[in-house]
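Engineer: Got a structure for you, protein.pdb, holding PDB, C-alpha atoms (C1' of nucleotides).
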```pdb
MODEL        1
ATOM      1  CA  MET A  11       0.000   0.000   0.000
ATOM      2  CA  THR A  12       1.552   3.220  -1.155
ATOM      3  CA  VAL A  13      -1.150   5.634  -0.098
ATOM      4  CA  SER A  14      -3.919   5.419   2.401
ATOM      5  CA  LEU A  15      -7.388   6.828   2.479
ATOM      6  CA  ALA A  16      -6.621   7.740   6.068
ATOM      7  CA  GLN A  17      -4.086  10.242   4.815
ATOM      8  CA  ILE A  18      -6.765  11.854   2.714
ATOM      9  CA  ARG A  19      -9.103  12.031   5.665
ATOM     10  CA  GLU A  20      -6.362  13.770   7.615
ATOM     11  CA  THR A  21      -5.639  16.257   4.858
ATOM     12  CA  SER A  22      -9.251  16.887   4.070
ATOM     13  CA  GLY A  23     -11.572  14.850   6.213
ATOM     14  CA  GLU A  24     -14.464  16.477   4.469
ATOM     15  CA  VAL A  25     -14.124  14.743   1.122
ATOM     16  CA  PHE A  26     -17.355  12.950   1.762
ATOM     17  CA  LEU A  27     -19.181  16.057   2.930
ATOM     18  CA  GLU A  28     -21.209  18.280   0.660
ATOM     19  CA  GLY A  29     -19.689  21.603  -0.262
ATOM     20  CA  CYS A  30     -16.176  20.417   0.544
ATOM     21  CA  PRO A  31     -13.545  22.265  -1.524
ATOM     22  CA  THR A  32     -12.078  18.954  -2.601
ATOM     23  CA  ARG A  33     -15.375  17.996  -4.176
ATOM     24  CA  VAL A  34     -15.480  21.268  -6.076
ATOM     25  CA  VAL A  35     -11.990  20.905  -7.547
ATOM     26  CA  LEU A  36     -12.606  17.227  -8.214
ATOM     27  CA  ASP A  37     -15.669  18.204 -10.234
ATOM     28  CA  HIS A  38     -13.602  20.627 -12.288
ATOM     29  CA  ILE A  39     -10.682  18.415 -13.155
ATOM     30  CA  MET A  40     -12.554  15.134 -13.366
ATOM     31  CA  SER A  41     -15.353  16.455 -15.490
ATOM     32  CA  LYS A  42     -15.878  14.983 -18.908
ATOM     33  CA  TRP A  43     -14.229  17.872 -20.723
ATOM     34  CA  GLY A  44     -11.895  18.958 -17.933
ATOM     35  CA  VAL A  45      -9.707  15.863 -18.129
ATOM     36  CA  LEU A  46      -9.548  15.926 -21.904
ATOM     37  CA  VAL A  47      -8.530  19.579 -22.049
ATOM     38  CA  LEU A  48      -5.910  19.111 -19.349
ATOM     39  CA  LEU A  49      -4.693  16.018 -21.152
ATOM     40  CA  ALA A  50      -4.419  17.852 -24.444
ATOM     41  CA  LEU A  51      -2.397  20.618 -22.828
ATOM     42  CA  THR A  52      -0.023  18.064 -21.313
ATOM     43  CA  ASP A  53       1.406  17.837 -24.795
ATOM     44  CA  GLY A  54       2.351  21.486 -24.611
ATOM     45  CA  THR A  55       0.935  24.882 -25.424
ATOM     46  CA  LEU A  56      -2.052  24.962 -27.741
ATOM     47  CA  ARG A  57      -4.111  27.662 -29.383
ATOM     48  CA  TRP A  58      -7.873  27.870 -29.091
ATOM     49  CA  GLY A  59      -8.485  26.366 -32.501
ATOM     50  CA  GLU A  60      -5.962  23.577 -32.001
ATOM     51  CA  LEU A  61      -7.552  22.712 -28.687
ATOM     52  CA  ARG A  62     -10.958  22.604 -30.300
ATOM     53  CA  ARG A  63      -9.730  20.209 -32.955
ATOM     54  CA  GLU A  64      -7.678  18.096 -30.555
ATOM     55  CA  VAL A  65     -10.530  17.434 -28.153
ATOM     56  CA  GLU A  66     -12.932  15.927 -30.629
ATOM     57  CA  GLY A  67     -16.578  16.573 -30.008
ATOM     58  CA  ILE A  68     -16.227  19.536 -27.690
ATOM     59  CA  SER A  69     -18.437  22.497 -28.500
ATOM     60  CA  GLU A  70     -17.210  26.068 -28.442
ATOM     61  CA  LYS A  71     -19.384  26.746 -25.458
ATOM     62  CA  MET A  72     -17.955  23.888 -23.426
ATOM     63  CA  LEU A  73     -14.386  24.643 -24.434
ATOM     64  CA  ALA A  74     -14.832  28.235 -23.352
ATOM     65  CA  SER A  75     -16.398  27.429 -20.006
ATOM     66  CA  THR A  76     -13.973  24.588 -19.287
ATOM     67  CA  LEU A  77     -11.000  26.827 -20.011
ATOM     68  CA  ARG A  78     -12.402  29.617 -17.871
ATOM     69  CA  THR A  79     -12.894  27.255 -14.955
ATOM     70  CA  LEU A  80      -9.444  25.737 -15.216
ATOM     71  CA  GLU A  81      -7.894  29.165 -15.582
ATOM     72  CA  ALA A  82      -9.725  30.421 -12.508
ATOM     73  CA  ASP A  83      -8.405  27.396 -10.649
ATOM     74  CA  GLY A  84      -4.872  28.370 -11.618
ATOM     75  CA  LEU A  85      -4.284  25.170 -13.539
ATOM     76  CA  VAL A  86      -4.226  26.662 -17.016
ATOM     77  CA  ALA A  87      -2.609  29.893 -18.186
ATOM     78  CA  ARG A  88      -4.115  31.973 -20.948
ATOM     79  CA  THR A  89      -1.847  34.236 -22.990
ATOM     80  CA  SER A  90      -3.279  36.509 -25.618
ATOM     81  CA  TYR A  91      -1.076  38.286 -28.129
ATOM     82  CA  PRO A  92      -2.146  41.722 -29.350
ATOM     83  CA  GLU A  93      -2.078  40.805 -33.001
ATOM     84  CA  VAL A  94      -4.454  40.778 -35.932
ATOM     85  CA  PRO A  95      -5.823  38.212 -36.336
ATOM     86  CA  PRO A  96      -5.837  37.508 -32.611
ATOM     87  CA  ARG A  97      -3.728  34.688 -31.247
ATOM     88  CA  VAL A  98      -4.380  33.127 -27.856
ATOM     89  CA  GLU A  99      -2.400  30.335 -26.299
ATOM     90  CA  TYR A 100      -3.248  28.008 -23.483
ATOM     91  CA  ALA A 101      -0.759  26.105 -21.381
ATOM     92  CA  LEU A 102      -0.554  24.265 -18.084
ATOM     93  CA  THR A 103       0.717  26.266 -15.130
ATOM     94  CA  ASP A 104       3.214  24.758 -12.693
ATOM     95  CA  LEU A 105       0.265  23.758 -10.564
ATOM     96  CA  GLY A 106      -1.393  22.204 -13.582
ATOM     97  CA  ARG A 107       1.696  20.212 -14.461
ATOM     98  CA  ASP A 108       1.933  19.084 -10.854
ATOM     99  CA  LEU A 109      -1.628  17.876 -11.085
ATOM    100  CA  MET A 110      -1.083  16.055 -14.358
ATOM    101  CA  ASP A 111       1.894  14.226 -12.896
ATOM    102  CA  ARG A 112      -0.661  12.574 -10.633
ATOM    103  CA  MET A 113      -3.363  12.204 -13.200
ATOM    104  CA  LEU A 114      -1.389  10.656 -16.033
ATOM    105  CA  PRO A 115      -0.756   7.316 -14.286
ATOM    106  CA  LEU A 116      -4.474   7.042 -13.722
ATOM    107  CA  VAL A 117      -5.378   7.893 -17.308
ATOM    108  CA  GLU A 118      -2.720   5.494 -18.530
ATOM    109  CA  TRP A 119      -4.230   2.720 -16.467
ATOM    110  CA  VAL A 120      -7.686   3.468 -17.772
ATOM    111  CA  ALA A 121      -6.461   3.618 -21.355
ATOM    112  CA  ALA A 122      -4.809   0.221 -20.872
ATOM    113  CA  HIS A 123      -7.877  -1.414 -19.322
ATOM    114  CA  ALA A 124     -10.765   0.422 -20.947
ATOM    115  CA  GLY A 125     -11.104  -2.044 -23.783
ATOM    116  CA  SER A 126     -11.578  -5.096 -21.616
ATOM    117  CA  ILE A 127     -13.801  -3.209 -19.200
ATOM    118  CA  VAL A 128     -16.203  -1.914 -21.789
ATOM    119  CA  GLU A 129     -16.605  -5.148 -23.699
ATOM    120  CA  ARG A 130     -18.327  -6.869 -20.780
TER     121      ARG A 130
ATOM    122  CA  MET B  29       8.864  12.926 -15.967
ATOM    123  CA  THR B  30       7.555   9.569 -14.912
ATOM    124  CA  VAL B  31       4.885   9.082 -17.521
ATOM    125  CA  SER B  32       4.315  10.539 -20.912
ATOM    126  CA  LEU B  33       1.248  11.413 -22.838
ATOM    127  CA  ALA B  34       2.924   9.690 -25.751
ATOM    128  CA  GLN B  35       2.598   6.401 -23.879
ATOM    129  CA  ILE B  36      -1.092   7.000 -23.562
ATOM    130  CA  ARG B  37      -1.382   7.725 -27.233
ATOM    131  CA  GLU B  38       0.358   4.439 -27.931
ATOM    132  CA  THR B  39      -1.861   2.480 -25.604
ATOM    133  CA  SER B  40      -5.024   4.157 -26.719
ATOM    134  CA  GLY B  41      -4.424   6.784 -29.332
ATOM    135  CA  GLU B  42      -8.121   7.439 -29.424
ATOM    136  CA  VAL B  43      -8.451   9.159 -26.081
ATOM    137  CA  PHE B  44      -9.292  12.356 -27.845
ATOM    138  CA  LEU B  45     -11.754  10.726 -30.211
ATOM    139  CA  GLU B  46     -15.450  10.452 -29.571
ATOM    140  CA  GLY B  47     -16.758   7.052 -28.613
ATOM    141  CA  CYS B  48     -13.349   5.866 -27.469
ATOM    142  CA  PRO B  49     -13.622   3.202 -24.740
ATOM    143  CA  THR B  50     -11.240   5.186 -22.584
ATOM    144  CA  ARG B  51     -13.646   8.092 -22.604
ATOM    145  CA  VAL B  52     -16.476   5.835 -21.510
ATOM    146  CA  VAL B  53     -14.613   4.362 -18.551
ATOM    147  CA  LEU B  54     -13.233   7.776 -17.673
ATOM    148  CA  ASP B  55     -16.790   9.052 -17.499
ATOM    149  CA  HIS B  56     -17.749   6.245 -15.139
ATOM    150  CA  ILE B  57     -14.925   6.498 -12.663
ATOM    151  CA  MET B  58     -14.393  10.242 -12.828
ATOM    152  CA  SER B  59     -18.036  11.107 -12.492
ATOM    153  CA  LYS B  60     -19.135  13.156  -9.525
ATOM    154  CA  TRP B  61     -20.497  10.178  -7.620
ATOM    155  CA  GLY B  62     -18.264   7.519  -9.119
ATOM    156  CA  VAL B  63     -15.093   8.783  -7.453
ATOM    157  CA  LEU B  64     -16.775   9.245  -4.111
ATOM    158  CA  VAL B  65     -18.263   5.757  -4.087
ATOM    159  CA  LEU B  66     -14.968   4.189  -5.132
ATOM    160  CA  LEU B  67     -13.206   6.267  -2.507
ATOM    161  CA  ALA B  68     -15.610   5.166   0.198
ATOM    162  CA  LEU B  69     -15.078   1.522  -0.707
ATOM    163  CA  THR B  70     -11.322   1.962  -0.512
ATOM    164  CA  ASP B  71     -11.824   1.880   3.236
ATOM    165  CA  GLY B  72     -13.227  -1.615   2.904
ATOM    166  CA  THR B  73     -16.515  -3.393   2.431
ATOM    167  CA  LEU B  74     -19.646  -1.365   3.058
ATOM    168  CA  ARG B  75     -23.338  -2.074   3.107
ATOM    169  CA  TRP B  76     -25.854  -0.117   1.049
ATOM    170  CA  GLY B  77     -26.982   1.985   3.979
ATOM    171  CA  GLU B  78     -23.448   2.689   5.145
ATOM    172  CA  LEU B  79     -22.474   3.746   1.652
ATOM    173  CA  ARG B  80     -25.467   6.040   1.489
ATOM    174  CA  ARG B  81     -24.492   7.724   4.736
ATOM    175  CA  GLU B  82     -20.792   7.850   3.941
ATOM    176  CA  VAL B  83     -21.223   9.618   0.622
ATOM    177  CA  GLU B  84     -23.128  12.604   1.894
ATOM    178  CA  GLY B  85     -25.670  14.072  -0.464
ATOM    179  CA  ILE B  86     -26.062  11.103  -2.782
ATOM    180  CA  SER B  87     -29.627  10.108  -3.558
ATOM    181  CA  GLU B  88     -30.810   6.522  -3.602
ATOM    182  CA  LYS B  89     -31.288   6.756  -7.310
ATOM    183  CA  MET B  90     -27.748   7.907  -7.983
ATOM    184  CA  LEU B  91     -26.224   5.434  -5.545
ATOM    185  CA  ALA B  92     -28.086   2.625  -7.255
ATOM    186  CA  SER B  93     -27.130   3.617 -10.776
ATOM    187  CA  THR B  94     -23.530   4.403  -9.820
ATOM    188  CA  LEU B  95     -23.131   1.027  -8.151
ATOM    189  CA  ARG B  96     -24.689  -0.757 -11.117
ATOM    190  CA  THR B  97     -22.294   0.960 -13.506
ATOM    191  CA  LEU B  98     -19.222   0.230 -11.416
ATOM    192  CA  GLU B  99     -20.333  -3.352 -10.930
ATOM    193  CA  ALA B 100     -20.851  -3.792 -14.651
ATOM    194  CA  ASP B 101     -17.349  -2.416 -15.168
ATOM    195  CA  GLY B 102     -15.993  -5.080 -12.835
ATOM    196  CA  LEU B 103     -14.657  -2.538 -10.379
ATOM    197  CA  VAL B 104     -17.083  -3.205  -7.566
ATOM    198  CA  ALA B 105     -18.405  -6.541  -6.309
ATOM    199  CA  ARG B 106     -21.919  -6.898  -4.935
ATOM    200  CA  THR B 107     -22.645  -9.665  -2.462
ATOM    201  CA  SER B 108     -26.159 -10.246  -1.206
ATOM    202  CA  TYR B 109     -26.850 -12.527   1.721
ATOM    203  CA  PRO B 110     -30.111 -14.482   1.731
ATOM    204  CA  GLU B 111     -31.242 -13.188   5.080
ATOM    205  CA  VAL B 112     -34.197 -11.345   6.503
ATOM    206  CA  PRO B 113     -33.823  -8.447   6.645
ATOM    207  CA  PRO B 114     -31.693  -8.484   3.512
ATOM    208  CA  ARG B 115     -28.025  -7.609   3.729
ATOM    209  CA  VAL B 116     -25.980  -6.532   0.753
ATOM    210  CA  GLU B 117     -22.307  -5.689   0.793
ATOM    211  CA  TYR B 118     -20.220  -3.810  -1.699
ATOM    212  CA  ALA B 119     -16.455  -4.053  -2.058
ATOM    213  CA  LEU B 120     -13.733  -3.238  -4.548
ATOM    214  CA  THR B 121     -12.653  -6.034  -6.850
ATOM    215  CA  ASP B 122      -8.985  -6.648  -7.569
ATOM    216  CA  LEU B 123      -9.393  -4.489 -10.637
ATOM    217  CA  GLY B 124     -11.010  -1.800  -8.530
ATOM    218  CA  ARG B 125      -8.194  -1.835  -6.015
ATOM    219  CA  ASP B 126      -5.717  -1.636  -8.853
ATOM    220  CA  LEU B 127      -7.533   1.410 -10.125
ATOM    221  CA  MET B 128      -7.645   3.083  -6.746
ATOM    222  CA  ASP B 129      -3.915   2.613  -6.329
ATOM    223  CA  ARG B 130      -3.617   5.046  -9.223
ATOM    224  CA  MET B 131      -6.423   7.305  -8.188
ATOM    225  CA  LEU B 132      -5.528   7.865  -4.560
ATOM    226  CA  PRO B 133      -2.388   9.906  -5.246
ATOM    227  CA  LEU B 134      -4.476  12.178  -7.429
ATOM    228  CA  VAL B 135      -7.232  12.581  -4.875
ATOM    229  CA  GLU B 136      -4.642  13.162  -2.188
ATOM    230  CA  TRP B 137      -3.096  15.943  -4.226
ATOM    231  CA  VAL B 138      -6.465  17.531  -4.829
ATOM    232  CA  ALA B 139      -7.392  17.283  -1.164
ATOM    233  CA  ALA B 140      -4.129  18.974  -0.277
ATOM    234  CA  HIS B 141      -4.503  21.802  -2.781
ATOM    235  CA  ALA B 142      -8.270  22.252  -3.022
ATOM    236  CA  GLY B 143      -8.403  24.889  -0.312
ATOM    237  CA  SER B 144      -5.960  27.258  -1.918
ATOM    238  CA  ILE B 145      -7.403  26.634  -5.369
ATOM    239  CA  VAL B 146     -10.978  27.394  -4.446
ATOM    240  CA  GLU B 147     -10.289  30.515  -2.410
ATOM    241  CA  ARG B 148      -9.127  32.456  -5.448
TER     242      ARG B 148
ATOM    243  C1'  DC C  15     -32.976  -3.263   4.665
ATOM    244  C1'  DA C  16     -32.150  -2.640   0.008
ATOM    245  C1'  DG C  17     -33.761  -1.298  -3.543
ATOM    246  C1'  DC C  18     -37.043  -0.060  -8.104
ATOM    247  C1'  DA C  19     -40.661   2.913 -10.506
ATOM    248  C1'  DT C  20     -42.505   7.220 -11.337
ATOM    249  C1'  DC C  21     -42.795  12.027 -11.731
ATOM    250  C1'  DC C  22     -40.886  16.338 -12.198
ATOM    251  C1'  DT C  23     -37.336  19.968 -11.876
ATOM    252  C1'  DT C  24     -32.918  21.475 -12.997
ATOM    253  C1'  DT C  25     -28.768  21.433 -15.431
ATOM    254  C1'  DG C  26     -25.646  20.443 -19.077
ATOM    255  C1'  DC C  27     -24.811  20.971 -23.349
ATOM    256  C1'  DG C  28     -25.228  21.485 -28.480
ATOM    257  C1'  DA C  29     -26.583  24.409 -32.372
ATOM    258  C1'  DT C  30     -26.739  28.617 -34.255
ATOM    259  C1'  DA C  31     -25.860  33.321 -34.978
ATOM    260  C1'  DC C  32     -23.163  37.312 -34.061
ATOM    261  C1'  DT C  33     -18.757  40.368 -32.717
ATOM    262  C1'  DG C  34     -13.950  42.570 -31.811
TER     263       DG C  34
ATOM    264  C1'  DC D   8      -9.135  33.856 -35.064
ATOM    265  C1'  DA D   9     -11.130  33.663 -30.776
ATOM    266  C1'  DG D  10     -14.474  34.070 -28.733
ATOM    267  C1'  DT D  11     -19.774  35.759 -26.665
ATOM    268  C1'  DA D  12     -25.008  35.516 -26.572
ATOM    269  C1'  DT D  13     -29.225  33.237 -26.949
ATOM    270  C1'  DC D  14     -32.285  29.438 -27.539
ATOM    271  C1'  DG D  15     -33.935  24.992 -26.769
ATOM    272  C1'  DC D  16     -33.766  20.228 -25.852
ATOM    273  C1'  DA D  17     -32.197  15.981 -23.705
ATOM    274  C1'  DA D  18     -30.137  14.019 -19.963
ATOM    275  C1'  DA D  19     -29.016  14.204 -15.013
ATOM    276  C1'  DG D  20     -30.607  14.118 -10.896
ATOM    277  C1'  DG D  21     -33.935  14.802  -6.651
ATOM    278  C1'  DA D  22     -38.293  13.543  -4.149
ATOM    279  C1'  DT D  23     -41.614  10.494  -3.178
ATOM    280  C1'  DG D  24     -43.983   6.280  -2.705
ATOM    281  C1'  DC D  25     -43.993   1.245  -3.153
ATOM    282  C1'  DT D  26     -42.096  -3.703  -2.698
ATOM    283  C1'  DG D  27     -39.621  -8.340  -1.730
TER     284       DG D  27
ENDMDL
END
```
Turn the structure described in the file into structure tokens.
Structural biologist:
Amino acid sequence: MTVSLAQIRETSGEVFLEGCPTRVVLDHIMSKWGVLVLLALTDGTLRWGELRREVEGISEKMLASTLRTLEADGLVARTSYPEVPPRVEYALTDLGRDLMDRMLPLVEWVAAHAGSIVER
Amino acid sequence: MTVSLAQIRETSGEVFLEGCPTRVVLDHIMSKWGVLVLLALTDGTLRWGELRREVEGISEKMLASTLRTLEADGLVARTSYPEVPPRVEYALTDLGRDLMDRMLPLVEWVAAHAGSIVER
DNA sequence: CAGCATCCTTTGCGATACTG
DNA sequence: CAGTATCGCAAAGGATGCTG
């Protein structure tokens, strides 16, 4: 056992309580589009249009709101260049990269097992 | 860097494509209630009622459907004892424990950082 | 106790059209 | 190009009541 649930309870014993900050952040980063956007940015900086194409199926509305949430959380940095036509780039912050270091093993595991899980 | 996105692309290069199995499983285990139920069961076996009380705020309907999904995915095992009154226990399967080994570090990180993230 | 069925409200989300 | 605004529907989810 490398990690214990007890440790989590110590750090934030409220995980199972409504309105707990952990639940809020969990909802952001583990949302359908949240993970995919974060995952896409793990590759490196991407522009709005690239992001939209990379995360297949995402609507402009959802991309916008997902990015705004992640930016507000300090996980994604938005840089806009004062050019014409406008160019805006999105990248993970240090915090975001820190997060993805923990999330990638999980996503890897899922990617490796998803096939056999779904085919039941 | 311990893991790379490239590895994920190799394992399941379709993560960013619609209908990809990885997306489906991701949606199950990273859903609002999915994580919390899995997390609760990391402690050990729980009965229906205990689960309902542990995961504060979950409705019977959502607990039922979440458990059915996770059971169908082979992550949670349901054991019903032929007694009166009925007793049903839920526990992680080996696959489920394997999954949680990867998810706990992530949840731990979130629990540790959620406070400072939300207060922005 | 451990659920399922039903109804009904709320939310998420897509589609479309428009702007700096 | 990189968004915002508005509409409308379908799905998520809550409340309640019923059952083996």
Engineer: List the residues matched by the PyMOL selection byres ((chain D) within 10 of (chain A)) in the displayed structure as a list in words, ordered by chain and then by residue number.
Structural biologist: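 The output of the PyMOL selection byres ((chain D) within 10 of (chain A)) on this file is DC8, DA9, DG10 and DT11 of chain D.
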Engineer: Put those residues in a file: C-alpha atoms (C1' of nucleotides), as a short mmCIF file (atom, residue, chain, number, x, y, z; two decimals), in the frame of the given file.
Structural biologist:
```cif
data_model
loop_
_atom_site.label_atom_id
_atom_site.label_comp_id
_atom_site.auth_asym_id
_atom_site.auth_seq_id
_atom_site.Cartn_x
_atom_site.Cartn_y
_atom_site.Cartn_z
"C1'" DC D 8 -9.14 33.86 -35.06
"C1'" DA D 9 -11.13 33.66 -30.78
"C1'" DG D 10 -14.47 34.07 -28.73
"C1'" DT D 11 -19.77 35.76 -26.66
#
```
Engineer: Only residues of chain C matter here; which ones have an atom within 12 Å of chain A, counting only C-alpha atoms (C1' of nucleotides)? Give them as a list in words.
Structural biologist: DG26, DC27, DG28, DA29, DT30 and DG34 of chain C
Engineer: Once you count only C-alpha atoms, what closest atom pair and distance in Å to one decimal does each residue of chain A within 8 Å of chain B have, with rows by chain and rising residue number, as a Markdown table?
Structural biologist:
```
| residue | atom | partner | partner_atom | distance |
| --- | --- | --- | --- | --- |
| A:Met11 | CA | B:Asp129 | CA | 7.9 |
| A:Thr12 | CA | B:Asp129 | CA | 7.6 |
| A:Val13 | CA | B:Leu132 | CA | 6.6 |
| A:Ser14 | CA | B:Leu132 | CA | 7.6 |
| A:Leu15 | CA | B:Asp71 | CA | 6.7 |
| A:Gln17 | CA | B:Glu136 | CA | 7.6 |
| A:Ile18 | CA | B:Glu136 | CA | 5.5 |
| A:Thr21 | CA | B:Ala140 | CA | 6.0 |
| A:Ser22 | CA | B:Ala139 | CA | 5.6 |
| A:Val25 | CA | B:Ala139 | CA | 7.5 |
| A:Phe26 | CA | B:Val83 | CA | 5.2 |
| A:Leu27 | CA | B:Glu84 | CA | 5.3 |
| A:Glu28 | CA | B:Glu84 | CA | 6.1 |
| A:Pro31 | CA | B:Ala142 | CA | 5.5 |
| A:Thr32 | CA | B:Ala142 | CA | 5.1 |
| A:Val34 | CA | B:Val146 | CA | 7.8 |
| A:Val35 | CA | B:Ala142 | CA | 6.0 |
| A:Leu36 | CA | B:Val138 | CA | 7.0 |
| A:Asp37 | CA | B:Lys60 | CA | 6.2 |
| A:Met40 | CA | B:Met58 | CA | 5.3 |
| A:Ser41 | CA | B:Ser59 | CA | 6.7 |
| A:Lys42 | CA | B:Asp55 | CA | 6.2 |
| A:Leu46 | CA | B:Phe44 | CA | 6.9 |
| A:Leu49 | CA | B:Leu33 | CA | 7.7 |
| A:Thr52 | CA | B:Leu33 | CA | 6.9 |
| A:Asp53 | CA | B:Leu33 | CA | 6.7 |
| A:Glu64 | CA | B:Phe44 | CA | 6.5 |
| A:Val65 | CA | B:Phe44 | CA | 5.2 |
| A:Glu66 | CA | B:Leu45 | CA | 5.3 |
| A:Gly67 | CA | B:Glu46 | CA | 6.2 |
| A:Ala82 | CA | B:Arg148 | CA | 7.4 |
| A:Asp83 | CA | B:Ile145 | CA | 5.4 |
| A:Gly84 | CA | B:Ile145 | CA | 7.0 |
| A:Leu109 | CA | B:Trp137 | CA | 7.3 |
| A:Asp111 | CA | B:Val31 | CA | 7.5 |
| A:Arg112 | CA | B:Leu134 | CA | 5.0 |
| A:Met113 | CA | B:Leu134 | CA | 5.9 |
| A:Leu114 | CA | B:Val31 | CA | 6.6 |
| A:Pro115 | CA | B:Arg130 | CA | 6.2 |
| A:Leu116 | CA | B:Arg130 | CA | 5.0 |
| A:Val117 | CA | B:Ile36 | CA | 7.6 |
| A:Glu118 | CA | B:Ile36 | CA | 5.5 |
| A:Trp119 | CA | B:Leu127 | CA | 7.3 |
| A:Val120 | CA | B:Thr50 | CA | 6.2 |
| A:Ala121 | CA | B:Thr50 | CA | 5.2 |
| A:Ala122 | CA | B:Thr39 | CA | 6.0 |
| A:Ala124 | CA | B:Thr50 | CA | 5.1 |
| A:Gly125 | CA | B:Pro49 | CA | 5.9 |
| A:Ile127 | CA | B:Asp101 | CA | 5.4 |
| A:Val128 | CA | B:Pro49 | CA | 6.4 |
| A:Arg130 | CA | B:Asp101 | CA | 7.2 |
```
Engineer: Just to confirm, what's the straight-line distance from CA of Thr73 (chain B) to C1' of DC25 (chain D) in Å (one decimal)?
Structural biologist: 28.4 Å
Engineer: Have a look at CA of Tyr100 (chain A) and CA of Leu80 (chain A) and let me know their distance in Å, one decimal.
Structural biologist: 10.6 Å
Engineer: Would you please work out which residue, of B:Asp122, B:Leu74, B:Arg80, B:Leu91, is nearest to Arg106 (chain B) when using all atoms listed in the file?
Structural biologist: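 Counting all atoms listed in the file, the residue closest to Arg106 (chain B) is B:Leu74.
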Engineer: Quick one: 6 Å padding each side, axis-aligned, all listed atoms of region 79-92 of chain B - centre and edge lengths in Å to one decimal, as AutoDock Vina command-line options?
Structural biologist:
```
--center_x -26.0 --center_y 8.3 --center_z -1.6 --size_x 22.5 --size_y 23.4 --size_z 24.7
```
Engineer: Looking at only C-alpha atoms (C1' of nucleotides), which of B:Ser93, B:Glu78, B:Gly72, B:Gly124 is the one that sits closest to DG17 (chain C)?
Structural biologist: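 Under the stated criterion, the closest residue is B:Ser93.
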Engineer: CA of Leu66 (chain B) and CA of Ala119 (chain B), how far apart in Å?
Structural biologist: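 The value is 8.9 Å.
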